[in-house]
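Participant: See my_file.cif below, with mmCIF, C-alpha atoms.
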```cif
data_coords
#
loop_
_atom_site.label_atom_id
_atom_site.label_comp_id
_atom_site.auth_asym_id
_atom_site.auth_seq_id
_atom_site.Cartn_x
_atom_site.Cartn_y
_atom_site.Cartn_z
CA MET A 1 8.30 -11.23 -49.08
CA LEU A 2 10.19 -8.45 -47.28
CA PHE A 3 10.55 -8.19 -43.50
CA THR A 4 11.21 -5.30 -41.13
CA PRO A 5 14.50 -5.55 -39.23
CA LEU A 6 13.47 -5.99 -35.58
CA GLN A 7 9.81 -6.91 -35.35
CA ASN A 8 10.07 -9.08 -38.49
CA LEU A 9 6.81 -7.77 -39.93
CA PRO A 10 6.13 -8.94 -43.49
CA CYS A 11 5.30 -6.67 -46.40
CA LEU A 12 4.54 -7.63 -49.98
CA SER A 13 7.08 -7.53 -52.75
CA ASN A 14 6.45 -7.81 -56.51
CA GLU A 15 5.80 -11.51 -56.65
CA ASP A 16 3.55 -11.73 -53.59
CA TYR A 17 0.37 -9.96 -54.65
CA SER A 18 -1.43 -13.19 -55.29
CA ALA A 19 -1.20 -13.87 -51.57
CA TRP A 20 -2.92 -10.76 -50.22
CA ALA A 21 -5.41 -12.57 -48.05
CA LEU A 22 -2.79 -14.81 -46.49
CA TYR A 23 -0.50 -11.83 -46.04
CA MET A 24 -3.17 -9.81 -44.25
CA LYS A 25 -3.85 -12.74 -41.93
CA CYS A 26 -0.15 -13.24 -41.11
CA LEU A 27 0.43 -9.54 -40.53
CA GLY A 28 -2.62 -9.23 -38.31
CA LEU A 29 -1.69 -12.27 -36.23
CA GLN A 30 1.90 -11.09 -35.83
CA VAL A 31 0.95 -7.57 -34.79
CA ASP A 32 -1.58 -9.01 -32.37
CA GLU A 33 0.99 -11.35 -30.83
CA THR A 34 3.56 -8.53 -30.53
CA LEU A 35 1.05 -6.22 -28.88
CA ALA A 36 0.07 -8.97 -26.43
CA GLN A 37 3.72 -9.49 -25.47
CA GLN A 38 4.23 -5.77 -25.06
CA MET A 39 1.14 -5.47 -22.90
CA ALA A 40 2.42 -8.28 -20.67
CA SER A 41 5.76 -6.47 -20.36
CA PHE A 42 3.99 -3.23 -19.60
CA GLU A 43 1.90 -4.87 -16.87
CA SER A 44 5.10 -6.25 -15.38
CA VAL A 45 6.67 -2.79 -15.37
CA ARG A 46 3.60 -1.10 -13.98
CA ASN A 47 3.15 -3.57 -11.14
CA ARG A 48 6.51 -3.39 -9.43
CA PRO A 49 7.12 -6.21 -6.98
CA THR A 50 5.51 -5.05 -3.77
CA ALA A 51 4.50 -6.63 -0.48
CA VAL A 52 2.86 -5.25 2.62
CA TRP A 53 2.77 -7.02 5.96
CA THR A 54 0.65 -6.12 8.94
CA SER A 55 -0.26 -7.48 12.34
CA SER A 56 -3.85 -8.18 13.16
CA SER A 57 -3.18 -8.70 16.86
CA VAL A 58 -2.33 -5.98 19.35
CA GLN A 59 1.09 -6.61 20.85
CA THR A 60 1.40 -5.78 24.52
CA ASN A 61 4.10 -5.61 27.15
CA ILE A 62 6.69 -4.27 24.75
CA PHE A 63 9.80 -3.74 26.83
CA ASP A 64 12.89 -1.88 25.68
CA GLY A 65 14.60 -3.89 22.93
CA SER A 66 11.55 -5.96 21.97
CA PHE A 67 11.10 -7.29 18.44
CA LEU A 68 7.76 -6.99 16.70
CA SER A 69 7.33 -10.46 15.34
CA VAL A 70 3.70 -11.20 14.56
CA PHE A 71 3.12 -10.33 10.93
CA GLU A 72 0.97 -11.63 8.13
CA VAL A 73 0.79 -10.76 4.45
CA ALA A 74 -1.68 -7.97 3.80
CA PHE A 75 -1.00 -7.37 0.11
CA SER A 76 1.39 -8.47 -2.59
CA ALA A 77 1.83 -7.96 -6.31
CA ASN A 78 4.38 -9.40 -8.72
CA TRP A 79 6.44 -10.68 -5.79
CA PRO A 80 9.31 -13.02 -6.73
CA GLY A 81 7.99 -16.35 -5.43
CA ALA A 82 5.66 -16.89 -2.50
CA VAL A 83 5.50 -14.01 -0.03
CA PRO A 84 6.71 -15.22 3.38
CA THR A 85 4.92 -14.17 6.56
CA SER A 86 8.26 -13.22 8.07
CA PRO A 87 8.88 -10.01 6.12
CA THR A 88 11.79 -10.13 3.67
CA VAL A 89 13.15 -8.21 0.76
CA GLY A 90 12.89 -10.40 -2.34
CA ASN A 91 16.10 -11.66 -3.84
CA LEU A 92 16.07 -9.33 -6.84
CA ARG A 93 19.28 -7.46 -7.51
CA GLY A 94 18.69 -3.73 -7.35
CA TRP A 95 17.03 -1.02 -5.34
CA TRP A 96 14.16 -1.27 -2.91
CA MET A 97 12.04 1.10 -0.88
CA VAL A 98 11.23 -0.34 2.55
CA GLY A 99 9.40 1.07 5.51
CA LEU A 100 7.88 0.44 8.92
CA ASN A 101 5.09 2.33 10.62
CA VAL A 102 4.29 1.72 14.30
CA ASN A 103 1.88 3.43 16.67
CA LEU A 104 2.93 3.01 20.31
CA ILE A 105 1.16 3.89 23.53
CA SER A 106 2.20 3.28 27.09
CA SER A 107 0.35 0.47 28.79
CA GLY A 108 0.07 2.56 31.94
CA ALA A 109 1.57 5.77 33.23
CA VAL A 110 4.07 7.70 31.16
CA THR A 111 7.49 8.74 32.27
CA ILE A 112 7.47 12.30 30.94
CA ASN A 113 9.98 13.11 28.20
CA THR A 114 11.06 9.56 27.54
CA TYR A 115 11.99 8.43 24.07
CA ARG A 116 10.24 5.97 21.74
CA ARG A 117 12.39 4.54 18.99
CA ILE A 118 12.00 1.97 16.24
CA ASP A 119 14.74 0.29 14.22
CA LEU A 120 13.98 -1.28 10.86
CA THR A 121 16.85 -3.63 10.07
CA ILE A 122 17.31 -5.48 6.78
CA SER A 123 19.86 -8.27 6.77
CA PRO A 124 21.84 -8.95 3.56
CA PRO A 125 20.18 -11.42 1.19
CA ILE A 126 21.29 -15.03 1.22
CA GLY A 127 24.34 -15.41 -0.97
CA ALA A 128 25.45 -11.80 -0.56
CA PRO A 129 29.15 -11.20 0.16
CA SER A 130 29.90 -11.54 3.86
CA SER A 131 31.12 -7.96 3.91
CA THR A 132 27.66 -6.67 2.95
CA PRO A 133 26.44 -4.67 5.94
CA GLU A 134 23.00 -4.63 7.44
CA THR A 135 20.84 -1.65 6.61
CA VAL A 136 19.15 0.12 9.51
CA PHE A 137 16.56 2.87 9.36
CA THR A 138 15.59 4.50 12.64
CA ASP A 139 12.95 6.91 13.88
CA ASN A 140 12.93 8.46 17.32
CA THR A 141 10.47 10.70 19.12
CA TRP A 142 9.67 11.83 22.63
CA GLU A 143 6.62 11.14 24.76
CA SER A 144 6.23 14.48 26.48
CA ASN A 145 2.54 14.20 27.20
CA THR A 146 0.45 11.73 29.12
CA ALA A 147 -0.35 8.61 27.16
CA ASN A 148 -1.34 10.14 23.86
CA GLY A 149 0.91 7.63 22.16
CA GLU A 150 3.50 8.21 19.45
CA ASN A 151 3.58 7.41 15.75
CA LEU A 152 6.91 6.35 14.31
CA LEU A 153 8.01 5.89 10.72
CA ALA A 154 11.29 4.37 9.59
CA ALA A 155 11.87 4.06 5.85
CA GLY A 156 14.45 4.37 3.13
CA THR A 157 16.03 2.91 0.03
CA LEU A 158 18.51 0.05 -0.01
CA TYR A 159 20.55 -1.91 -2.50
CA THR A 160 20.44 -5.70 -2.59
CA THR A 161 22.89 -7.95 -4.36
CA GLY A 162 20.47 -10.81 -4.91
CA SER A 163 20.14 -12.85 -8.07
CA ASP A 164 18.06 -11.98 -11.09
CA SER A 165 16.03 -15.13 -10.69
CA PRO A 166 12.38 -14.33 -9.98
CA SER A 167 11.91 -17.83 -8.57
CA ASN A 168 14.32 -17.19 -5.74
CA SER A 169 12.57 -15.38 -2.91
CA ALA A 170 15.32 -15.84 -0.32
CA GLY A 171 16.02 -12.15 0.10
CA GLY A 172 17.13 -10.15 3.12
CA ALA A 173 15.12 -10.63 6.29
CA ILE A 174 13.46 -7.61 7.88
CA PHE A 175 13.61 -7.15 11.65
CA THR A 176 11.81 -4.58 13.73
CA ALA A 177 12.93 -3.50 17.17
CA VAL A 178 11.24 -1.12 19.61
CA HIS A 179 13.23 0.83 22.16
CA HIS A 180 12.06 3.13 24.92
CA ASN A 181 13.08 4.33 28.36
CA ASN A 182 9.63 4.57 29.83
CA ALA A 183 10.40 3.54 33.40
CA VAL A 184 6.84 3.49 34.68
CA SER A 185 5.20 1.06 32.27
CA LEU A 186 5.62 -0.96 29.10
CA ASN A 187 4.24 -0.19 25.64
CA THR A 188 1.48 -1.51 23.43
CA THR A 189 0.94 -1.23 19.70
CA LEU A 190 -2.12 0.68 18.64
CA THR A 191 -4.46 0.28 15.72
CA PRO A 192 -3.88 0.76 12.90
CA ALA A 193 -1.50 -2.13 13.35
CA PRO A 194 2.23 -1.95 12.60
CA THR A 195 2.87 -2.12 8.87
CA ILE A 196 5.97 -3.13 6.94
CA TRP A 197 6.27 -2.61 3.20
CA ALA A 198 8.82 -3.33 0.49
CA THR A 199 8.68 -2.19 -3.15
CA TYR A 200 11.23 -3.03 -5.81
CA LEU A 201 12.31 0.16 -7.58
CA GLY A 202 14.48 -1.40 -10.26
CA ASP A 203 17.80 -2.76 -11.34
CA THR A 204 20.80 -0.49 -11.76
CA PRO A 205 22.50 -0.87 -15.14
CA GLU A 206 23.52 2.30 -16.90
CA ILE A 207 20.54 4.00 -18.51
CA GLN A 208 20.61 4.25 -22.28
CA ALA A 209 19.40 7.46 -23.83
CA VAL A 210 15.85 7.08 -25.13
CA SER A 211 14.26 9.90 -27.01
CA MET B 1 -6.12 6.58 -53.37
CA VAL B 2 -4.57 5.57 -50.07
CA ALA B 3 -6.23 6.47 -46.78
CA TYR B 4 -4.62 6.99 -43.39
CA THR B 5 -5.54 6.13 -39.82
CA SER B 6 -5.78 8.80 -37.15
CA PRO B 7 -3.85 9.79 -35.09
CA ASP B 8 -0.91 7.57 -36.09
CA CYS B 9 -1.26 8.16 -39.83
CA LEU B 10 -0.83 4.49 -40.82
CA PRO B 11 -1.56 4.01 -44.56
CA TYR B 12 -4.08 1.49 -45.88
CA PHE B 13 -5.83 0.63 -49.13
CA GLU B 14 -9.45 1.46 -49.74
CA CYS B 15 -11.72 -0.77 -51.80
CA ASP B 16 -11.07 0.85 -55.14
CA ASP B 17 -7.32 1.20 -54.64
CA SER B 18 -5.05 -0.67 -57.00
CA PRO B 19 -2.10 -2.50 -55.49
CA CYS B 20 -0.09 -1.22 -58.44
CA LEU B 21 1.25 2.24 -59.07
CA ASN B 22 0.28 2.01 -62.75
CA THR B 23 -2.41 0.30 -64.76
CA GLY B 24 -0.13 -1.27 -67.33
CA THR B 25 0.34 -4.95 -67.96
CA VAL B 26 3.19 -5.11 -65.45
CA CYS B 27 2.31 -4.26 -61.88
CA GLU B 28 4.72 -1.82 -60.32
CA PRO B 29 4.01 -2.54 -56.64
CA SER B 30 2.72 0.15 -54.42
CA THR B 31 4.77 0.97 -51.31
CA VAL B 32 1.68 1.17 -49.13
CA PHE B 33 2.18 -2.18 -47.47
CA CYS B 34 5.82 -1.61 -46.72
CA ASP B 35 5.05 1.94 -45.56
CA LEU B 36 2.52 0.44 -43.16
CA THR B 37 4.84 -2.21 -41.75
CA ALA B 38 7.71 0.29 -41.48
CA LEU B 39 5.55 2.64 -39.42
CA LEU B 40 4.27 -0.23 -37.28
CA GLU B 41 7.87 -1.29 -36.73
CA THR B 42 8.83 2.21 -35.57
CA ARG B 43 5.99 2.41 -33.08
CA LEU B 44 6.44 -1.11 -31.72
CA ASN B 45 10.19 -0.53 -31.31
CA SER B 46 9.56 2.72 -29.47
CA PHE B 47 7.25 0.95 -27.05
CA ASP B 48 9.76 -1.88 -26.56
CA ASN B 49 12.50 0.65 -25.81
CA THR B 50 10.41 2.43 -23.21
CA VAL B 51 9.37 -0.79 -21.49
CA ALA B 52 12.92 -2.12 -21.61
CA ARG B 53 14.28 1.02 -19.97
CA THR B 54 11.71 1.30 -17.22
CA GLY B 55 11.43 -2.44 -16.76
CA THR B 56 15.05 -3.20 -16.10
CA ALA B 57 16.33 0.04 -14.69
CA ILE B 58 14.70 3.31 -13.84
CA PRO B 59 17.01 6.32 -13.54
CA MET B 60 18.08 6.62 -9.91
CA PHE B 61 20.85 7.89 -7.68
CA LYS B 62 21.83 7.54 -4.06
CA VAL B 63 24.59 9.51 -2.34
CA ALA B 64 25.68 9.34 1.28
CA ARG B 65 27.62 11.20 3.90
CA ASN B 66 29.37 8.45 5.88
CA ALA B 67 31.93 10.54 7.73
CA GLN B 68 30.73 12.71 10.58
CA GLN B 69 30.25 16.32 9.44
CA THR B 70 30.29 19.27 11.85
CA ILE B 71 28.68 22.52 10.79
CA ASP B 72 29.74 25.57 12.79
CA THR B 73 26.75 27.90 12.69
CA THR B 74 28.64 30.60 14.60
CA VAL B 75 30.57 31.40 11.44
CA ALA B 76 29.08 34.28 9.47
CA ASN B 77 26.94 32.97 6.58
CA ALA B 78 27.70 29.40 7.59
CA ASP B 79 27.37 26.84 4.81
CA LEU B 80 24.75 24.36 6.05
CA ARG B 81 25.00 22.00 3.08
CA ILE B 82 25.72 18.31 3.48
CA ILE B 83 28.99 17.37 1.79
CA TRP B 84 28.43 14.02 0.09
CA ASP B 85 31.39 11.64 0.27
CA THR B 86 30.02 8.43 -1.26
CA VAL B 87 28.11 7.51 -4.42
CA LEU B 88 26.08 4.34 -3.81
CA VAL B 89 24.33 4.29 -7.17
CA ASP B 90 24.09 6.58 -10.16
CA ASN B 91 22.91 5.01 -13.39
CA GLU B 92 22.44 8.20 -15.43
CA ASN B 93 25.50 10.33 -14.74
CA MET B 94 23.74 12.59 -12.26
CA VAL B 95 26.51 12.71 -9.66
CA ASP B 96 30.08 13.97 -10.06
CA LEU B 97 31.69 14.45 -6.65
CA ASP B 98 34.91 15.63 -8.27
CA VAL B 99 33.03 18.66 -9.55
CA ASP B 100 30.26 19.20 -6.99
CA THR B 101 30.07 17.57 -3.55
CA HIS B 102 26.83 19.34 -2.60
CA ALA B 103 24.37 18.87 -5.43
CA VAL B 104 23.09 16.15 -7.74
CA THR B 105 22.01 17.27 -11.21
CA VAL B 106 18.92 15.65 -12.71
CA GLU B 107 18.49 16.13 -16.44
CA ARG B 108 15.78 13.64 -17.39
CA PRO B 109 12.26 15.11 -17.47
CA GLY B 110 9.48 13.33 -15.64
CA LEU B 111 8.02 12.80 -12.20
CA TRP B 112 10.78 12.29 -9.66
CA GLN B 113 10.81 11.22 -6.04
CA PHE B 114 13.54 12.25 -3.61
CA GLU B 115 14.21 10.86 -0.12
CA LEU B 116 16.51 12.18 2.60
CA TYR B 117 17.43 10.13 5.68
CA LEU B 118 19.69 11.90 8.13
CA TRP B 119 20.59 11.76 11.81
CA GLY B 120 22.70 13.83 14.13
CA THR B 121 22.42 16.51 16.80
CA PRO B 122 21.82 20.24 17.00
CA PRO B 123 23.83 22.18 19.64
CA GLN B 124 23.20 19.89 22.57
CA THR B 125 20.74 21.86 24.62
CA THR B 126 17.57 20.01 25.54
CA GLY B 127 14.68 21.26 23.46
CA ASN B 128 16.82 22.48 20.57
CA ILE B 129 15.34 21.67 17.19
CA PHE B 130 17.36 19.81 14.57
CA ASP B 131 16.46 21.32 11.18
CA THR B 132 16.94 19.43 7.95
CA ALA B 133 15.82 20.08 4.39
CA ILE B 134 16.03 18.82 0.86
CA ASN B 135 17.09 21.84 -1.16
CA SER B 136 18.85 22.78 -4.39
CA GLY B 137 22.30 22.10 -2.97
CA GLN B 138 23.35 25.45 -4.41
CA GLY B 139 23.41 27.24 -1.05
CA SER B 140 21.86 27.14 2.39
CA GLY B 141 18.45 28.29 1.16
CA SER B 142 16.07 27.25 -1.62
CA PHE B 143 14.21 24.61 0.42
CA TYR B 144 12.11 22.10 -1.46
CA VAL B 145 10.87 20.52 1.79
CA ASP B 146 12.06 20.66 5.38
CA CYS B 147 11.64 18.95 8.74
CA GLN B 148 12.15 19.75 12.42
CA THR B 149 13.04 17.19 15.10
CA MET B 150 13.46 17.95 18.81
CA TRP B 151 16.66 16.84 20.50
CA ARG B 152 16.98 15.57 24.07
CA ALA B 153 20.00 14.12 25.79
CA GLY B 154 20.69 10.45 25.19
CA GLN B 155 19.31 10.11 21.66
CA PHE B 156 20.17 11.36 18.21
CA ALA B 157 17.63 13.35 16.26
CA TYR B 158 16.41 11.40 13.21
CA SER B 159 15.00 13.04 10.12
CA ARG B 160 13.35 11.59 7.06
CA LEU B 161 11.96 13.65 4.21
CA ALA B 162 10.19 12.73 0.99
CA TYR B 163 9.59 15.02 -1.95
CA GLN B 164 8.06 14.58 -5.38
CA ARG B 165 8.58 16.94 -8.27
CA GLU B 166 7.67 17.16 -11.92
CA LEU B 167 10.58 18.20 -14.09
CA THR B 168 9.36 19.32 -17.49
CA VAL B 169 11.32 19.58 -20.70
CA ALA B 170 10.55 23.29 -20.69
CA ASN B 171 11.88 23.75 -17.13
CA LEU B 172 15.04 21.81 -17.76
CA ALA B 173 15.73 23.72 -20.96
CA ILE B 174 15.96 26.91 -18.88
CA ILE B 175 17.98 25.67 -15.91
CA PRO B 176 19.24 22.25 -14.76
CA PHE B 177 17.51 20.81 -11.72
CA THR B 178 19.80 20.23 -8.77
CA VAL B 179 19.10 18.64 -5.41
CA GLY B 180 21.02 18.48 -2.14
CA ALA B 181 20.42 18.74 1.60
CA ILE B 182 21.16 20.99 4.54
CA ALA B 183 21.19 20.67 8.35
CA GLY B 184 20.81 23.43 10.91
CA PHE B 185 18.99 24.15 14.13
CA GLN B 186 16.57 26.37 16.01
CA GLY B 187 16.72 27.18 19.73
CA THR B 188 19.35 28.03 22.28
CA THR B 189 22.67 28.67 20.59
CA GLY B 190 24.90 26.66 22.93
CA THR B 191 28.07 25.73 21.07
CA GLY B 192 26.46 26.50 17.73
CA LEU B 193 27.73 23.20 16.39
CA VAL B 194 25.43 21.00 14.31
CA VAL B 195 26.74 17.46 13.96
CA VAL B 196 25.57 15.19 11.15
CA GLU B 197 26.38 11.58 11.98
CA TYR B 198 25.06 10.09 8.72
CA ALA B 199 23.02 11.24 5.74
CA GLU B 200 21.77 9.70 2.53
CA LEU B 201 19.86 11.24 -0.36
CA SER B 202 18.04 9.12 -2.96
CA GLY B 203 16.18 10.08 -6.08
CA TRP B 204 14.42 8.06 -8.72
CA TRP B 205 12.33 8.60 -11.81
CA ASN B 206 8.71 7.53 -11.48
CA ALA B 207 6.96 8.48 -14.71
CA GLU B 208 7.01 10.66 -17.79
CA GLU B 209 5.99 14.28 -17.34
CA VAL B 210 2.27 14.98 -17.43
CA PRO B 211 1.29 16.04 -20.98
#
```
Please render this file's structure as structure tokens.
Facilitator:
Amino acid sequence: MLFTPLQNLPCLSNEDYSAWALYMKCLGLQVDETLAQQMASFESVRNRPTAVWTSSSVQTNIFDGSFLSVFEVAFSANWPGAVPTSPTVGNLRGWWMVGLNVNLISSGAVTINTYRRIDLTISPPIGAPSSTPETVFTDNTWESNTANGENLLAAGTLYTTGSDSPSNSAGGAIFTAVHHNNAVSLNTTLTPAPTIWATYLGDTPEIQAVS
Amino acid sequence: MVAYTSPDCLPYFECDDSPCLNTGTVCEPSTVFCDLTALLETRLNSFDNTVARTGTAIPMFKVARNAQQTIDTTVANADLRIIWDTVLVDNENMVDLDVDTHAVTVERPGLWQFELYLWGTPPQTTGNIFDTAINSGQGSGSFYVDCQTMWRAGQFAYSRLAYQRELTVANLAIIPFTVGAIAGFQGTTGTGLVVVEYAELSGWWNAEEVP
């Protein structure tokens, strides 16, 4: 019996023709098994680790410097380990896309031309070198009208130095802070509720040329 | 008489095919079986290579401007381009700051996503608009996508842009695709100075080009 170099597929040689039926069975089973493994790999590639968190309760009395803290898991796929309700970036080494969307409206009167700002902060994953800085994405806009509310979006890509272990979900924690200088009243989140998302883009070894 | 599957042209025996190349007393084995397994091997390996590449690392880059950059728009034909000073990731030799500090060159065909996150100030006159764009990096024009953010005293102007593009083999054969960013302003001239406090440009491959 002869075998191909990588997939180890059998093909008949001179002395094997008496075993056609057995050969066909072995070849079929092996191709089937290989295709099943490849399909599993493909599904893993297609469904990049992703989680989305949202808040089902309206948060009120948001003063300058408040943290948005009430989140629950809205969606997850292929996440490394259980998805925590306190948003995190999974501890996979590589690149992530993270984002925060918040709709804010003044609880009462608006101080004209005051700013509304959100900070999305991702702390370094557990085990990262102490010199690893936090990553902060910010959006800022101005409330120049009367209580129409403002939509803010902070998002970007970041690198994490976590392990390769998919069982370790102790990644970098995500914090959300709201800032404003609305002197007349506080702020309230609007529906749709604030949303945080994180998607793993991939690891970063050098790419090999593939035709 | 050997038949072939379509479209992959895999050979197989039909009912009246002899496993031998001749009809003599000694069977000289046909190569059909080994031709089949060799072709299966090629296709399975190709699939494994693709999954391995996209599963462990998709082509991506991220460059940053960490040092403050001042752009004097009062100079005739002012160069508005961001001068990148840091390479955060580049796993396919897309960035060479020794040769070009303005543009990243993408050579792999496919569907690409680009993200720009940038903050700074236009000439500091309330109501001035901070202009930013993802462009070719080859000059101050050739916008791919742009964004305007109003500036008011006390806050920086934050800008975030996202852009997707299909790069085809045919396009790239004619001219390399380059990407960079610019910052400028609209409104009252004031000092004419645009200050970029921080900028980062990311790009990553999402999928093969659409057939």
Participant: Which neighbours of Leu80 in chain B fall inside 8 Å, counting only C-alpha atoms, when residues of the same chain fewer than 6 positions from it are skipped, and could you give them as a ChimeraX atom specification?
Facilitator: /B:71,73,139-140,182-184
Participant: Which residues match the PyMOL selection byres ((chain B and resi 153) around 10) in the file above, as a compact mmCIF listing (two decimals) with C-alpha atoms, in the coordinates of the input?
Facilitator:
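Output contents, as saved in expr-v9.txt:
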```
# COMPACT_ATOMS: atom_id res chain seq x y z
CA TYR A 115 11.99 8.43 24.07
CA THR B 121 22.42 16.51 16.80
CA GLN B 124 23.20 19.89 22.57
CA THR B 125 20.74 21.86 24.62
CA THR B 126 17.57 20.01 25.54
CA GLY B 127 14.68 21.26 23.46
CA TRP B 151 16.66 16.84 20.50
CA ARG B 152 16.98 15.57 24.07
CA GLY B 154 20.69 10.45 25.19
CA GLN B 155 19.31 10.11 21.66
CA PHE B 156 20.17 11.36 18.21
CA ALA B 157 17.63 13.35 16.26
```
Participant: At a cut-off of 7 Å, list the chain A residues touching chain B, using all atoms listed in the file, as a ChimeraX atom specification.
Facilitator: /A:4,7,9,11-12,14,38,41-42,45,138-140,156,202-207
Participant: Check the smallest atom-to-atom distance from each of A:Ile196, A:Val83, A:Ala51, A:Ile62 to Leu120 in chain A using all atoms listed in the file, then report the winner.
Facilitator: A:Ile196
Participant: So what do you get for CA of Ile134 in chain B versus CA of Gly180 in chain B, distance-wise?
Facilitator: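 According to the coordinates, CA of Ile134 in chain B and CA of Gly180 in chain B are separated by 5.8 Å.
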Participant: May I ask which of the residues B:Val179, B:Val194, B:Trp112, B:Asp79 is the closest one to Asp131 in chain B, counting all atoms listed in the file?
Facilitator: B:Val194
Participant: I'd like the contact shell of Pro176 in chain B - 10 Å cut-off, only C-alpha atoms, skipping same-chain residues fewer than 6 positions apart - returned as a ChimeraX atom specification.
Facilitator: /B:105-108,167
Participant: I'd like to know which of A:Pro84, A:Gly99, A:Gly149, A:Pro124 is closest to Ile112 in chain A, using all atoms listed in the file.
Facilitator: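 Of A:Pro84, A:Gly99, A:Gly149, A:Pro124, the one nearest Ile112 in chain A, counting all atoms listed in the file, is A:Gly149.
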Participant: For range 178-191 of chain A, work out the shell of residues within 8 Å, counting only C-alpha atoms and skipping chain neighbours fewer than 2 positions away, then give it as number ranges by chain.
Facilitator: A: 58-68, 102-111, 114-119, 176, 193-194
Participant: Using all atoms listed in the file, which protein or nucleic acid residues come within 6 Å of Ser55 in chain A? Drop anything in the same chain fewer than 2 positions from it, and give the result as a PDB file with C-alpha atoms, in the frame of the given file.
Facilitator:
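Written file, selection_29.pdb:
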```pdb
ATOM      1  CA  SER A  57      -3.180  -8.700  16.860  1.00  0.00           C
ATOM      2  CA  VAL A  70       3.700 -11.200  14.560  1.00  0.00           C
ATOM      3  CA  PHE A  71       3.120 -10.330  10.930  1.00  0.00           C
ATOM      4  CA  ALA A 193      -1.500  -2.130  13.350  1.00  0.00           C
TER       5      ALA A 193
END
```
Participant: Which is closest to Ala64 in chain B among B:Thr86, B:Thr101, B:Gln148, B:Asn171, if we use all atoms listed in the file?
Facilitator: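 Of all the options, B:Thr86 lies closest to Ala64 in chain B.
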Participant: Tell me, in Å to one decimal, how far CA of Gln186 in chain B is from CA of Ala133 in chain B.
Facilitator: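 Between CA of Gln186 in chain B and CA of Ala133 in chain B the gap is 13.2 Å.
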Participant: Can range 167-181 of chain B be brought up to N, CA and C atoms and written out as a PDB file, in the coordinates of the input?
Facilitator:
```pdb
ATOM      1  N   LEU B 167       9.584  17.457 -13.337  1.00  0.00           N
ATOM      2  CA  LEU B 167      10.580  18.200 -14.090  1.00  0.00           C
ATOM      3  C   LEU B 167      10.177  18.148 -15.558  1.00  0.00           C
ATOM      4  N   THR B 168       9.824  19.294 -16.106  1.00  0.00           N
ATOM      5  CA  THR B 168       9.360  19.320 -17.490  1.00  0.00           C
ATOM      6  C   THR B 168      10.517  19.628 -18.435  1.00  0.00           C
ATOM      7  N   VAL B 169      10.315  19.261 -19.676  1.00  0.00           N
ATOM      8  CA  VAL B 169      11.320  19.580 -20.700  1.00  0.00           C
ATOM      9  C   VAL B 169      11.543  21.085 -20.740  1.00  0.00           C
ATOM     10  N   ALA B 170      10.450  21.829 -20.625  1.00  0.00           N
ATOM     11  CA  ALA B 170      10.550  23.290 -20.690  1.00  0.00           C
ATOM     12  C   ALA B 170      11.375  23.831 -19.515  1.00  0.00           C
ATOM     13  N   ASN B 171      11.118  23.301 -18.312  1.00  0.00           N
ATOM     14  CA  ASN B 171      11.880  23.750 -17.130  1.00  0.00           C
ATOM     15  C   ASN B 171      13.356  23.464 -17.296  1.00  0.00           C
ATOM     16  N   LEU B 172      13.648  22.237 -17.696  1.00  0.00           N
ATOM     17  CA  LEU B 172      15.040  21.810 -17.760  1.00  0.00           C
ATOM     18  C   LEU B 172      15.806  22.507 -18.884  1.00  0.00           C
ATOM     19  N   ALA B 173      15.067  22.991 -19.873  1.00  0.00           N
ATOM     20  CA  ALA B 173      15.730  23.720 -20.960  1.00  0.00           C
ATOM     21  C   ALA B 173      16.229  25.073 -20.465  1.00  0.00           C
ATOM     22  N   ILE B 174      15.580  25.593 -19.406  1.00  0.00           N
ATOM     23  CA  ILE B 174      15.960  26.910 -18.880  1.00  0.00           C
ATOM     24  C   ILE B 174      17.092  26.776 -17.882  1.00  0.00           C
ATOM     25  N   ILE B 175      16.966  25.820 -16.951  1.00  0.00           N
ATOM     26  CA  ILE B 175      17.980  25.670 -15.910  1.00  0.00           C
ATOM     27  C   ILE B 175      18.004  24.215 -15.449  1.00  0.00           C
ATOM     28  N   PRO B 176      19.180  23.635 -15.260  1.00  0.00           N
ATOM     29  CA  PRO B 176      19.240  22.250 -14.760  1.00  0.00           C
ATOM     30  C   PRO B 176      18.631  22.158 -13.371  1.00  0.00           C
ATOM     31  N   PHE B 177      18.068  21.008 -13.054  1.00  0.00           N
ATOM     32  CA  PHE B 177      17.510  20.810 -11.720  1.00  0.00           C
ATOM     33  C   PHE B 177      18.568  20.160 -10.830  1.00  0.00           C
ATOM     34  N   THR B 178      18.826  20.788  -9.697  1.00  0.00           N
ATOM     35  CA  THR B 178      19.800  20.230  -8.770  1.00  0.00           C
ATOM     36  C   THR B 178      19.133  19.971  -7.428  1.00  0.00           C
ATOM     37  N   VAL B 179      19.674  19.004  -6.699  1.00  0.00           N
ATOM     38  CA  VAL B 179      19.100  18.640  -5.410  1.00  0.00           C
ATOM     39  C   VAL B 179      20.226  18.308  -4.442  1.00  0.00           C
ATOM     40  N   GLY B 180      20.054  18.740  -3.192  1.00  0.00           N
ATOM     41  CA  GLY B 180      21.020  18.480  -2.140  1.00  0.00           C
ATOM     42  C   GLY B 180      20.311  18.509  -0.803  1.00  0.00           C
ATOM     43  N   ALA B 181      21.045  18.732   0.273  1.00  0.00           N
ATOM     44  CA  ALA B 181      20.420  18.740   1.600  1.00  0.00           C
ATOM     45  C   ALA B 181      21.199  19.669   2.521  1.00  0.00           C
TER      46      ALA B 181
END
```
